[in-house]
>>> print(open('start-v6.csv').read())   # CSV, C-alpha atoms
chain,number,residue,atom,x,y,z
A,95,MET,CA,-38.7,17.8,-11.1
A,96,ASN,CA,-37.7,19.4,-7.8
A,97,VAL,CA,-34.3,21.2,-8.2
A,98,ALA,CA,-33.2,20.0,-4.7
A,99,ASN,CA,-33.4,16.4,-5.9
A,100,ILE,CA,-31.1,16.9,-9.0
A,101,PRO,CA,-27.8,15.4,-8.0
A,102,ALA,CA,-24.8,17.7,-8.6
A,103,THR,CA,-21.9,16.7,-10.8
A,104,VAL,CA,-18.9,16.1,-8.5
A,105,ARG,CA,-15.2,15.5,-9.3
A,106,ILE,CA,-11.9,15.8,-7.5
A,107,SER,CA,-8.8,17.3,-9.0
A,108,GLY,CA,-5.3,17.2,-7.5
A,109,PRO,CA,-2.5,19.9,-7.5
A,110,PRO,CA,-1.3,20.9,-11.0
A,111,ASN,CA,1.1,18.4,-12.6
A,112,SER,CA,1.3,16.2,-9.5
A,113,SER,CA,-0.7,13.4,-7.8
A,114,PHE,CA,-3.2,13.8,-4.9
A,115,LEU,CA,-0.6,12.2,-2.6
A,116,VAL,CA,2.0,14.6,-1.2
A,117,GLY,CA,4.7,13.2,1.0
A,118,TYR,CA,5.6,9.6,1.6
A,119,PRO,CA,3.3,7.4,3.7
A,120,GLY,CA,5.3,5.6,6.4
A,121,ILE,CA,7.8,8.4,6.7
A,122,SER,CA,6.6,10.8,9.3
A,123,ALA,CA,9.0,13.7,8.5
A,124,THR,CA,7.3,14.1,5.1
A,125,LEU,CA,3.8,14.7,6.6
A,126,PRO,CA,2.0,12.4,4.1
A,127,ARG,CA,-1.3,14.0,3.0
A,128,ILE,CA,-3.8,14.1,0.2
A,129,VAL,CA,-4.2,17.5,-1.4
A,130,GLY,CA,-6.8,18.6,-4.0
A,131,LYS,CA,-10.1,20.3,-4.5
A,132,VAL,CA,-13.7,19.1,-4.8
A,133,GLU,CA,-15.4,20.6,-7.8
A,134,ILE,CA,-19.2,20.8,-7.8
A,135,ARG,CA,-21.1,21.8,-10.9
A,136,PRO,CA,-24.8,21.7,-12.1
A,137,GLY,CA,-26.0,18.1,-12.6
A,138,ALA,CA,-28.8,18.9,-15.0
A,139,GLY,CA,-28.4,20.9,-18.2
A,140,ILE,CA,-25.4,23.3,-18.2
A,141,SER,CA,-26.4,26.0,-15.8
A,142,ALA,CA,-29.3,24.9,-13.7
A,143,PRO,CA,-28.2,25.7,-10.1
A,144,VAL,CA,-27.9,23.0,-7.5
A,145,MET,CA,-29.1,23.2,-3.9
A,146,ILE,CA,-26.1,22.5,-1.5
A,147,SER,CA,-26.5,22.3,2.3
A,148,MET,CA,-23.2,20.6,3.3
A,149,VAL,CA,-20.1,19.0,1.7
A,150,ARG,CA,-17.8,16.6,3.6
A,151,ILE,CA,-14.8,14.5,2.5
A,152,CYS,CA,-12.9,11.6,4.0
A,153,LEU,CA,-10.4,8.9,3.1
A,154,GLN,CA,-11.7,5.4,3.5
A,155,ARG,CA,-9.9,2.1,3.6
A,156,ARG,CA,-11.7,-1.0,2.4
A,157,GLU,CA,-10.2,-4.4,3.0
A,158,THR,CA,-11.4,-7.8,2.0
A,159,ILE,CA,-10.2,-11.4,2.3
A,160,HIS,CA,-11.4,-14.6,0.8
A,161,PRO,CA,-8.7,-17.3,1.5
A,162,ALA,CA,-10.7,-19.9,-0.6
A,163,ALA,CA,-11.0,-17.7,-3.7
A,164,GLU,CA,-8.1,-19.6,-5.5
A,165,ASN,CA,-10.1,-22.9,-5.5
A,166,VAL,CA,-13.3,-22.9,-7.5
A,167,ALA,CA,-15.0,-25.6,-5.4
A,168,LYS,CA,-14.0,-24.0,-2.1
A,169,ARG,CA,-15.0,-20.5,-3.3
A,170,HIS,CA,-18.6,-21.7,-3.4
A,171,LEU,CA,-18.6,-24.0,-0.4
A,172,GLY,CA,-16.1,-22.2,1.9
A,173,THR,CA,-16.5,-19.2,4.1
A,174,PRO,CA,-17.8,-16.0,2.3
A,175,ARG,CA,-15.6,-13.0,1.6
A,176,ARG,CA,-15.0,-10.8,4.6
A,177,GLU,CA,-14.8,-7.1,4.4
A,178,THR,CA,-14.0,-4.2,6.8
A,179,VAL,CA,-14.3,-0.4,6.1
A,180,ASP,CA,-12.2,2.1,8.2
A,181,LEU,CA,-11.9,5.8,8.2
A,182,VAL,CA,-8.3,7.0,7.7
A,183,GLY,CA,-7.5,10.1,9.6
A,184,LYS,CA,-10.4,12.5,10.1
A,185,GLU,CA,-13.4,13.5,8.0
A,186,VAL,CA,-13.2,17.1,6.9
A,187,LEU,CA,-16.1,19.5,6.6
A,188,LEU,CA,-15.7,21.6,3.5
A,189,PHE,CA,-18.9,23.6,3.4
A,190,ARG,CA,-22.0,24.2,5.4
A,191,CYS,CA,-24.7,26.7,4.5
A,192,VAL,CA,-25.5,29.6,6.8
A,193,SER,CA,-27.8,28.8,9.8
A,194,GLY,CA,-31.4,29.4,9.2
A,195,LYS,CA,-31.3,28.2,5.5
A,196,ASP,CA,-31.9,24.7,4.2
A,197,ALA,CA,-29.5,25.1,1.3
A,198,GLU,CA,-27.7,27.5,-1.0
A,199,SER,CA,-28.5,27.7,-4.7
A,200,VAL,CA,-25.1,27.2,-6.3
A,201,ILE,CA,-23.8,27.5,-9.8
A,202,ALA,CA,-20.2,26.3,-9.1
A,203,MET,CA,-18.1,25.3,-6.1
A,204,ASP,CA,-14.3,24.7,-5.8
A,205,LEU,CA,-13.5,23.5,-2.3
A,206,PRO,CA,-9.8,22.9,-1.5
A,207,PHE,CA,-9.0,20.2,1.0
A,208,GLN,CA,-6.0,18.6,2.8
A,209,ILE,CA,-6.3,15.2,4.5
A,210,PHE,CA,-3.4,14.1,6.7
A,211,ILE,CA,-2.6,10.4,6.6
A,212,PRO,CA,-1.6,9.0,10.1
A,213,PHE,CA,2.1,8.5,10.4
A,214,GLY,CA,2.5,7.2,14.0
A,215,ARG,CA,2.5,3.6,15.1
A,216,GLY,CA,-0.2,4.4,17.6
A,217,GLY,CA,-0.3,1.0,19.3
A,218,GLU,CA,-3.9,0.0,19.9
A,219,GLU,CA,-5.2,3.3,18.7
A,220,VAL,CA,-6.3,2.2,15.2
A,221,ASN,CA,-6.8,5.7,13.7
A,222,ARG,CA,-3.2,6.6,14.6
A,223,ARG,CA,-1.6,3.6,12.8
A,224,ILE,CA,0.2,4.0,9.5
A,225,PRO,CA,-2.3,2.7,6.9
A,226,PRO,CA,-1.1,-0.3,4.9
A,227,ALA,CA,-0.3,0.0,1.2
A,228,SER,CA,-2.9,-0.7,-1.5
A,229,LEU,CA,-2.6,-4.3,-2.7
A,230,GLN,CA,-4.6,-6.8,-4.6
A,231,LEU,CA,-3.4,-10.5,-4.4
A,232,PRO,CA,-4.2,-12.9,-7.3
A,233,SER,CA,-7.8,-14.2,-7.3
A,234,ARG,CA,-8.5,-11.4,-4.9
A,235,ILE,CA,-7.8,-13.6,-1.9
A,236,ALA,CA,-6.9,-10.4,-0.1
A,237,GLU,CA,-7.0,-6.8,-1.0
A,238,THR,CA,-6.6,-3.3,0.5
A,239,TYR,CA,-7.8,-0.3,-1.4
A,240,TYR,CA,-8.5,3.4,-0.6
A,241,GLU,CA,-11.1,5.8,-1.8
A,242,LEU,CA,-11.9,9.5,-1.2
A,243,VAL,CA,-15.6,9.7,-0.3
A,244,VAL,CA,-17.3,13.1,-0.9
A,245,THR,CA,-20.7,13.4,0.8
A,246,VAL,CA,-22.9,16.2,-0.6
A,247,GLN,CA,-26.1,17.0,1.2
A,248,GLN,CA,-28.7,18.8,-1.0
A,249,GLY,CA,-31.5,20.1,1.2
A,250,PRO,CA,-32.8,18.5,4.4
A,251,SER,CA,-33.4,15.0,3.0
A,252,THR,CA,-31.2,14.3,0.0
A,253,GLN,CA,-27.6,13.0,0.6
A,254,ASN,CA,-25.4,11.7,-2.2
A,255,ARG,CA,-22.0,10.0,-1.9
A,256,TYR,CA,-19.3,10.0,-4.5
A,257,THR,CA,-16.2,7.8,-4.3
A,258,PHE,CA,-12.9,8.2,-6.0
A,259,PRO,CA,-10.2,5.5,-5.8
A,260,ILE,CA,-6.7,6.6,-4.6
A,261,PRO,CA,-3.7,4.3,-4.8
A,262,LEU,CA,-1.5,4.4,-1.7
A,263,GLN,CA,2.1,3.1,-1.3
A,264,ARG,CA,4.3,2.7,1.7
A,265,TYR,CA,7.9,3.9,1.8
A,266,ASP,CA,9.3,2.6,5.2
A,267,THR,CA,10.6,-0.7,3.7
A,268,LEU,CA,13.1,0.8,1.2
A,269,SER,CA,16.2,-1.4,1.0
A,270,THR,CA,18.4,1.8,1.1
A,271,PHE,CA,17.5,2.6,4.7
A,272,GLY,CA,20.4,1.9,7.0
A,273,MET,CA,18.4,-0.2,9.5
A,274,TYR,CA,18.0,-2.9,6.8
A,275,ASN,CA,21.7,-3.1,6.0
A,276,ARG,CA,22.9,-4.5,9.3
A,277,PRO,CA,24.1,-8.2,9.0
A,278,GLU,CA,21.9,-10.8,10.6
A,279,ASN,CA,23.5,-14.0,12.1
A,280,ARG,CA,21.8,-17.2,13.1
A,281,ALA,CA,22.8,-20.7,14.1
A,282,ALA,CA,20.9,-23.9,14.7
A,283,THR,CA,21.7,-27.6,15.4
A,284,ALA,CA,19.5,-30.7,15.0
A,285,ASP,CA,21.3,-33.4,17.0
A,286,HIS,CA,24.4,-31.7,18.4
A,287,ILE,CA,26.7,-33.3,15.8
A,288,VAL,CA,26.6,-30.4,13.3
A,289,THR,CA,25.8,-26.7,13.6
A,290,LEU,CA,24.4,-24.7,10.8
A,291,GLY,CA,25.4,-21.0,11.0
A,292,ILE,CA,24.3,-18.3,8.5
A,293,SER,CA,25.0,-14.6,7.9
A,294,LEU,CA,22.8,-12.4,5.9
A,295,PRO,CA,24.4,-9.0,5.0
A,296,LYS,CA,21.1,-7.1,4.5
A,297,TRP,CA,17.5,-8.0,4.9
A,298,SER,CA,15.3,-5.8,2.6
A,299,TYR,CA,15.0,-6.7,-1.0
A,300,GLY,CA,13.0,-5.6,-4.1
A,301,PRO,CA,12.2,-7.2,-7.5
A,302,LEU,CA,15.2,-8.8,-9.2
A,303,ASP,CA,17.5,-7.8,-6.3
A,304,PRO,CA,20.1,-10.5,-5.7
A,305,ILE,CA,20.0,-12.3,-2.3
A,306,SER,CA,23.2,-13.9,-1.0
A,307,VAL,CA,23.6,-15.8,2.3
A,308,TYR,CA,26.9,-17.0,3.8
A,309,VAL,CA,26.6,-20.5,5.2
A,310,LYS,CA,28.9,-22.5,7.6
A,311,LEU,CA,28.5,-26.1,8.7
A,312,SER,CA,30.7,-26.8,11.8
A,313,PRO,CA,31.2,-30.1,13.5
A,314,ASN,CA,30.7,-30.2,17.3
A,315,PRO,CA,34.3,-30.6,18.8
A,316,ASP,CA,32.8,-32.9,21.5
A,317,CYS,CA,31.4,-35.3,18.8
A,318,LEU,CA,34.2,-35.3,16.2
A,319,ASN,CA,34.1,-39.0,15.6
A,320,LYS,CA,30.4,-38.9,14.7
A,321,ALA,CA,30.8,-35.6,12.7
A,322,ARG,CA,33.5,-37.2,10.5
A,323,ARG,CA,31.0,-39.7,9.3
A,324,VAL,CA,28.7,-36.9,8.1
A,325,THR,CA,28.3,-36.2,4.4
A,326,ILE,CA,26.8,-32.9,3.2
A,327,GLN,CA,24.5,-33.9,0.3
A,328,LYS,CA,23.1,-30.5,-0.7
A,329,LEU,CA,22.1,-27.1,0.5
A,330,THR,CA,18.8,-25.4,-0.5
A,331,LEU,CA,17.8,-21.8,-0.2
A,332,THR,CA,14.1,-21.0,-0.5
A,333,ILE,CA,12.1,-17.7,-0.3
A,334,GLU,CA,8.8,-18.3,1.4
A,335,GLU,CA,5.8,-16.0,1.4
A,336,GLU,CA,3.6,-16.5,4.4
A,337,ILE,CA,0.1,-15.0,4.4
A,338,THR,CA,-1.8,-15.0,7.7
A,339,PHE,CA,-5.5,-14.4,7.2
A,340,ASN,CA,-7.4,-12.8,10.2
A,341,PRO,CA,-4.2,-12.3,12.2
A,342,GLU,CA,-6.0,-10.4,15.0
A,343,GLY,CA,-9.1,-12.6,15.1
A,344,ASP,CA,-10.0,-15.9,16.9
A,345,GLU,CA,-8.9,-18.4,14.2
A,346,PRO,CA,-6.0,-17.1,12.1
A,347,THR,CA,-5.1,-19.3,9.2
A,348,LYS,CA,-1.7,-19.4,7.4
A,349,LYS,CA,-0.8,-20.1,3.8
A,350,VAL,CA,2.8,-20.5,2.8
A,351,ASN,CA,4.0,-20.2,-0.9
A,352,LYS,CA,7.5,-21.0,-2.0
A,353,ILE,CA,8.2,-18.3,-4.5
A,354,ALA,CA,11.9,-19.1,-5.4
A,355,LYS,CA,14.3,-22.0,-4.7
A,356,HIS,CA,18.0,-22.7,-5.3
A,357,THR,CA,19.7,-26.0,-4.7
A,358,GLN,CA,23.4,-26.3,-4.4
A,359,PRO,CA,24.7,-29.9,-4.7
A,360,VAL,CA,27.7,-30.5,-2.3
A,361,GLY,CA,28.4,-34.3,-1.9
A,362,THR,CA,31.4,-34.0,0.4
A,363,LYS,CA,32.4,-35.2,3.8
A,364,LEU,CA,32.2,-32.6,6.6
A,365,PRO,CA,35.8,-31.4,7.2
A,366,ASP,CA,37.1,-31.0,10.8
A,367,THR,CA,37.5,-27.2,10.1
A,368,GLY,CA,33.9,-27.0,8.9
A,369,TYR,CA,32.4,-26.3,5.4
A,370,ILE,CA,31.9,-22.7,4.3
A,371,THR,CA,30.0,-21.5,1.1
A,372,SER,CA,27.6,-18.9,-0.1
A,373,LEU,CA,24.1,-19.4,-1.5
A,374,GLY,CA,22.3,-16.9,-3.8
A,375,LEU,CA,19.2,-16.3,-5.8
A,376,VAL,CA,17.2,-13.4,-7.2
A,377,LEU,CA,13.9,-12.2,-5.9
A,378,PRO,CA,11.3,-12.9,-8.6
A,379,ALA,CA,9.6,-10.0,-10.4
A,380,ARG,CA,6.5,-9.6,-12.5
A,381,ASP,CA,6.9,-8.3,-16.0
A,382,LEU,CA,4.5,-5.4,-16.4
A,383,ARG,CA,4.9,-5.4,-20.2
A,384,ASP,CA,2.9,-7.7,-22.6
A,385,PRO,CA,4.7,-9.6,-25.4
A,386,ASP,CA,4.6,-6.5,-27.6
A,387,GLY,CA,6.5,-4.5,-24.9
A,388,THR,CA,3.4,-2.4,-23.9
A,389,ILE,CA,2.6,-1.7,-20.3
A,390,LYS,CA,-1.1,-2.3,-19.8
A,391,ARG,CA,-3.2,0.3,-18.1
A,392,GLY,CA,-3.5,-0.6,-14.4
A,393,LYS,CA,-6.5,-0.4,-12.1
A,394,PRO,CA,-7.1,3.1,-10.7
A,395,ALA,CA,-7.1,1.8,-7.1
A,396,PHE,CA,-3.9,-0.2,-7.2
A,397,PRO,CA,-0.3,1.0,-8.1
A,398,MET,CA,1.6,-1.0,-10.7
A,399,TYR,CA,3.9,-3.2,-8.7
A,400,GLU,CA,6.7,-5.4,-10.1
A,401,VAL,CA,6.1,-7.9,-7.3
A,402,THR,CA,3.0,-10.1,-6.7
A,403,SER,CA,3.1,-9.2,-3.0
A,404,PHE,CA,5.4,-7.6,-0.4
A,405,THR,CA,5.8,-7.2,3.4
A,406,THR,CA,2.6,-5.6,4.8
A,407,THR,CA,0.3,-5.8,7.8
A,408,SER,CA,-3.4,-5.1,7.6
A,409,THR,CA,-6.4,-5.7,9.8
A,410,LEU,CA,-7.6,-8.8,8.0
A,411,TYR,CA,-4.3,-10.2,6.6
A,412,LYS,CA,-0.5,-10.0,7.1
A,413,ILE,CA,2.2,-10.9,4.6
A,414,GLU,CA,5.6,-11.9,5.8
A,415,PHE,CA,8.7,-13.3,3.9
A,416,TYR,CA,11.3,-15.8,5.1
A,417,LEU,CA,14.6,-17.2,3.8
A,418,SER,CA,14.7,-20.9,4.5
A,419,ILE,CA,18.2,-22.5,4.4
A,420,LYS,CA,18.3,-26.3,4.7
A,421,ALA,CA,21.3,-28.5,5.0
A,422,HIS,CA,20.6,-32.1,3.7
A,423,MET,CA,23.1,-34.6,5.3
A,424,THR,CA,23.7,-38.3,5.8
A,425,SER,CA,24.7,-39.7,9.3
A,426,ALA,CA,23.2,-36.5,10.8
A,427,ARG,CA,19.7,-35.0,10.9
A,428,ASP,CA,18.9,-32.3,8.3
A,429,ILE,CA,19.0,-28.8,9.7
A,430,THR,CA,16.7,-25.9,8.7
A,431,LEU,CA,17.0,-22.3,9.5
A,432,ARG,CA,14.3,-19.7,8.8
A,433,LEU,CA,15.2,-16.0,8.7
A,434,PRO,CA,12.6,-13.2,8.3
A,435,ILE,CA,13.3,-10.7,5.4
A,436,VAL,CA,11.5,-7.6,4.2
A,437,VAL,CA,10.2,-7.6,0.6
A,438,CYS,CA,9.9,-4.0,-0.8
A,439,PRO,CA,7.8,-3.2,-4.0
A,440,MET,CA,10.8,-1.3,-5.5
A,441,ASP,CA,14.2,-2.6,-6.5
A,442,GLN,CA,17.5,-1.3,-5.1
A,443,GLN,CA,17.9,1.3,-7.9
A,444,ALA,CA,14.4,2.7,-7.5
A,445,CYS,CA,14.9,2.9,-3.8
A,446,LYS,CA,18.1,4.9,-4.3
A,447,GLU,CA,16.3,7.3,-6.6
A,448,GLU,CA,13.5,7.9,-4.1
A,449,MET,CA,15.9,8.9,-1.2
A,450,GLU,CA,16.6,12.4,-2.6
A,451,ALA,CA,12.9,13.0,-3.2
A,452,ILE,CA,12.1,11.9,0.3
A,453,GLU,CA,14.7,14.3,1.7
A,454,GLN,CA,13.2,17.2,-0.3
A,455,ALA,CA,9.6,16.2,0.8
A,456,ALA,CA,10.8,16.4,4.4
A,457,LYS,CA,12.2,19.9,3.9
A,458,ASP,CA,8.9,21.0,2.2
A,459,ALA,CA,6.9,19.4,5.1
A,460,SER,CA,8.8,21.4,7.7
A,461,HIS,CA,6.9,24.6,6.5
A,462,VAL,CA,3.4,22.9,6.9
A,463,ASP,CA,1.4,23.2,10.0
A,464,PRO,CA,-0.6,20.0,10.3
A,465,HIS,CA,-3.1,21.6,12.8
A,466,ASN,CA,-3.8,24.6,10.6
A,467,PRO,CA,-2.7,23.9,7.0
A,468,ALA,CA,-2.7,26.9,4.6
A,469,LEU,CA,-5.2,26.2,1.8
A,470,PRO,CA,-6.3,28.3,-1.2
A,471,ASP,CA,-9.7,30.1,-0.6
A,472,PRO,CA,-12.7,28.2,-1.7
A,473,VAL,CA,-14.6,29.5,-4.7
A,474,ILE,CA,-18.4,29.5,-4.3
A,475,VAL,CA,-20.5,31.1,-7.1
A,476,LEU,CA,-24.2,31.5,-6.0
A,477,ALA,CA,-27.0,31.6,-8.5
A,478,HIS,CA,-28.2,35.1,-7.5
A,479,GLU,CA,-24.8,36.7,-8.1
A,480,LYS,CA,-24.5,39.0,-11.1
A,481,GLU,CA,-23.0,37.2,-14.2
A,482,ALA,CA,-22.6,34.0,-12.1
A,483,ILE,CA,-22.9,31.9,-15.3
A,484,ARG,CA,-19.6,33.5,-16.6
A,485,TYR,CA,-17.9,31.0,-14.3
A,486,LEU,CA,-19.3,28.2,-16.4
A,487,GLY,CA,-18.1,29.8,-19.6
A,488,LEU,CA,-21.6,31.1,-20.5
A,489,CYS,CA,-23.2,34.5,-21.0
A,490,GLU,CA,-26.8,35.6,-21.5
A,491,VAL,CA,-27.6,37.4,-24.9
A,492,GLY,CA,-31.2,38.5,-25.3
A,493,GLY,CA,-32.4,36.0,-22.7
A,494,VAL,CA,-30.6,33.1,-24.3
A,495,LYS,CA,-27.6,31.5,-22.7
A,496,LYS,CA,-24.6,31.2,-25.1
A,497,MET,CA,-21.0,30.1,-24.8
A,498,LEU,CA,-18.8,33.0,-23.7
A,499,ILE,CA,-16.0,34.0,-26.1
A,500,GLU,CA,-13.7,36.4,-24.4
>>> encode(input="start-v6.csv", output="structure tokens")
Amino acid sequence: MNVANIPATVRISGPPNSSFLVGYPGISATLPRIVGKVEIRPGAGISAPVMISMVRICLQRRETIHPAAENVAKRHLGTPRRETVDLVGKEVLLFRCVSGKDAESVIAMDLPFQIFIPFGRGGEEVNRRIPPASLQLPSRIAETYYELVVTVQQGPSTQNRYTFPIPLQRYDTLSTFGMYNRPENRAATADHIVTLGISLPKWSYGPLDPISVYVKLSPNPDCLNKARRVTIQKLTLTIEEEITFNPEGDEPTKKVNKIAKHTQPVGTKLPDTGYITSLGLVLPARDLRDPDGTIKRGKPAFPMYEVTSFTTTSTLYKIEFYLSIKAHMTSARDITLRLPIVVCPMDQQACKEEMEAIEQAAKDASHVDPHNPALPDPVIVLAHEKEAIRYLGLCEVGGVKKMLIE
């Protein structure tokens, strides 16, 4: 068999005792980036050298949608699954053999790399946008996942690709950020007899975080006679998840799921001074533990979230959340108010704990030059070097290769 055709063994390792991902995607001050090294070793036997011409690495985002996947009949008869593949940031060249040679005969290679994840909004410039978080919805009706793709060229004609899943989270929706803790006020009327006014103290929530809304029903002073005949039957508070498939395409479709509901019976006449109350419920959470209390091993491409979905915008789908407050009345039309909220994958306590780490990551990032990052030197052991096989933990004794015992 031609040595040039034997595929190399390729793996990726991250920094010691930490994950590949350094910094916090979505927070530009932390310079989010993927750090690690590509390790290339012989693919056949233990020490047969491999021919390497070029090594490249990139981060790739794959996105798929299949809105009909939840329904067995529609899954077969409806539109097929749609998929897009995008490059995140830039492809990095890690090694190229010297000009005039087809390939280098290599015993071992350790090639450090650093890929910066875009952290600017970037408008229409897709490669500048902050990439959305990894997510897989039930029945795979929509998913976003990332993989590191290493391309190894072995000689002029042989090219092999190796993919490694990388889970990616976003940190710009943390409920502890000040921008989410400003009260939001709205008012609406259905027939000018009664006005529904609401106040929401904050608008980012995570799993099992309590949500409370202050509600006021006020009679119109110009229609007091009609307003006095109004009876408030009940008030309902609903959390709605709205998924828009193909939001940037020609025919976007929407799917609304009611994920939590609270009904407060009232049964009183509307007072002249108005009716004031507060409504509350808890954002539902997924239990990651099985009945025995064990957390199952997750999928390598997706983080373990305690929510089924969260606020996110991708190319093929968008997930938004709304609080819907409805006043059910007699002698006046029902009034509904819909208020957008942000759902974060982490609860209030977890968000608080991340704040200090984000601050530290921003301090660390201030010493990093994104245009010329300092990386360890690559290690390249060529086959013709004296005692090259020592790097593989071997030595030659009387023409026989044996394990090296220092």
>>> residues_around(input="start-v6.csv", residues="Ser372 of chain A", least_positions_apart="2", cutoff="9 Å", atoms="all atoms listed in the file", output="list in words")
Ser306, Val307, Tyr308, Val309, Lys310, Ile370 and Gly374 of chain A
>>> closest_residue(input="start-v6.csv", among="A:Leu417, A:Thr270, A:Asp441, A:Leu431", to="Thr332 of chain A", atoms="all atoms listed in the file")
A:Leu417
>>> atom_distance(input="start-v6.csv", atom1="atom CA of Ile353 of chain A", atom2="atom CA of Thr178 of chain A")
28.6 Å
>>> closest_residue(input="start-v6.csv", among="A:Pro259, A:Pro232, A:Gly361, A:Gly183", to="Phe213 of chain A", atoms="all atoms listed in the file")
A:Gly183
>>> residues_near_point(input="start-v6.csv", point="(-0.2, 13.0, 3.8)", cutoff="10 Å", atoms="all atoms listed in the file", output="PyMOL selection string")
chain A and resi 114-122+124-129+183+208-213+459+464
>>> atom_distance(input="start-v6.csv", atom1="atom CA of Gly291 of chain A", atom2="atom CA of Tyr274 of chain A")
20.0 Å
>>> residues_around(input="start-v6.csv", residues="Leu153 of chain A", least_positions_apart="5", cutoff="8 Å", atoms="only C-alpha atoms", output="PyMOL selection string")
chain A and resi 181-185+209+240-243
>>> atom_distance(input="start-v6.csv", atom1="atom CA of Leu433 of chain A", atom2="atom CA of Ile287 of chain A")
22.0 Å
>>> decode(input="start-v6.csv", residues="segment 173-188 of chain A", atoms="N, CA and C atoms", output="short mmCIF file (atom, residue, chain, number, x, y, z; two decimals), in the first residue's frame")
data_model
loop_
_atom_site.label_atom_id
_atom_site.label_comp_id
_atom_site.auth_asym_id
_atom_site.auth_seq_id
_atom_site.Cartn_x
_atom_site.Cartn_y
_atom_site.Cartn_z
N THR A 173 -42.48 19.07 3.65
CA THR A 173 -41.22 19.49 3.06
C THR A 173 -40.06 18.78 3.74
N PRO A 174 -38.98 18.48 2.98
CA PRO A 174 -37.85 17.76 3.57
C PRO A 174 -37.05 18.69 4.51
N ARG A 175 -36.14 18.08 5.23
CA ARG A 175 -35.28 18.84 6.16
C ARG A 175 -34.39 19.80 5.36
N ARG A 176 -34.29 21.03 5.85
CA ARG A 176 -33.41 22.02 5.23
C ARG A 176 -32.14 22.16 6.03
N GLU A 177 -31.03 22.38 5.36
CA GLU A 177 -29.74 22.48 6.06
C GLU A 177 -28.90 23.59 5.48
N THR A 178 -28.18 24.32 6.34
CA THR A 178 -27.18 25.28 5.87
C THR A 178 -25.89 25.01 6.62
N VAL A 179 -24.77 25.29 5.96
CA VAL A 179 -23.46 25.13 6.58
C VAL A 179 -22.71 26.44 6.38
N ASP A 180 -22.22 27.04 7.49
CA ASP A 180 -21.51 28.32 7.42
C ASP A 180 -20.17 28.22 8.11
N LEU A 181 -19.20 28.97 7.59
CA LEU A 181 -17.89 29.09 8.24
C LEU A 181 -18.00 30.16 9.32
N VAL A 182 -17.51 29.88 10.52
CA VAL A 182 -17.53 30.85 11.61
C VAL A 182 -16.13 31.43 11.74
N GLY A 183 -16.01 32.74 11.59
CA GLY A 183 -14.67 33.35 11.64
C GLY A 183 -13.89 32.99 10.39
N LYS A 184 -12.61 32.67 10.56
CA LYS A 184 -11.75 32.39 9.40
C LYS A 184 -11.10 31.02 9.52
N GLU A 185 -10.81 30.41 8.36
CA GLU A 185 -10.04 29.16 8.35
C GLU A 185 -8.58 29.49 8.63
N VAL A 186 -7.91 28.64 9.41
CA VAL A 186 -6.52 28.90 9.81
C VAL A 186 -5.62 27.84 9.18
N LEU A 187 -4.55 28.30 8.53
CA LEU A 187 -3.56 27.39 7.96
C LEU A 187 -2.55 27.06 9.06
N LEU A 188 -2.40 25.78 9.39
CA LEU A 188 -1.52 25.37 10.49
C LEU A 188 -0.15 24.87 10.00
#
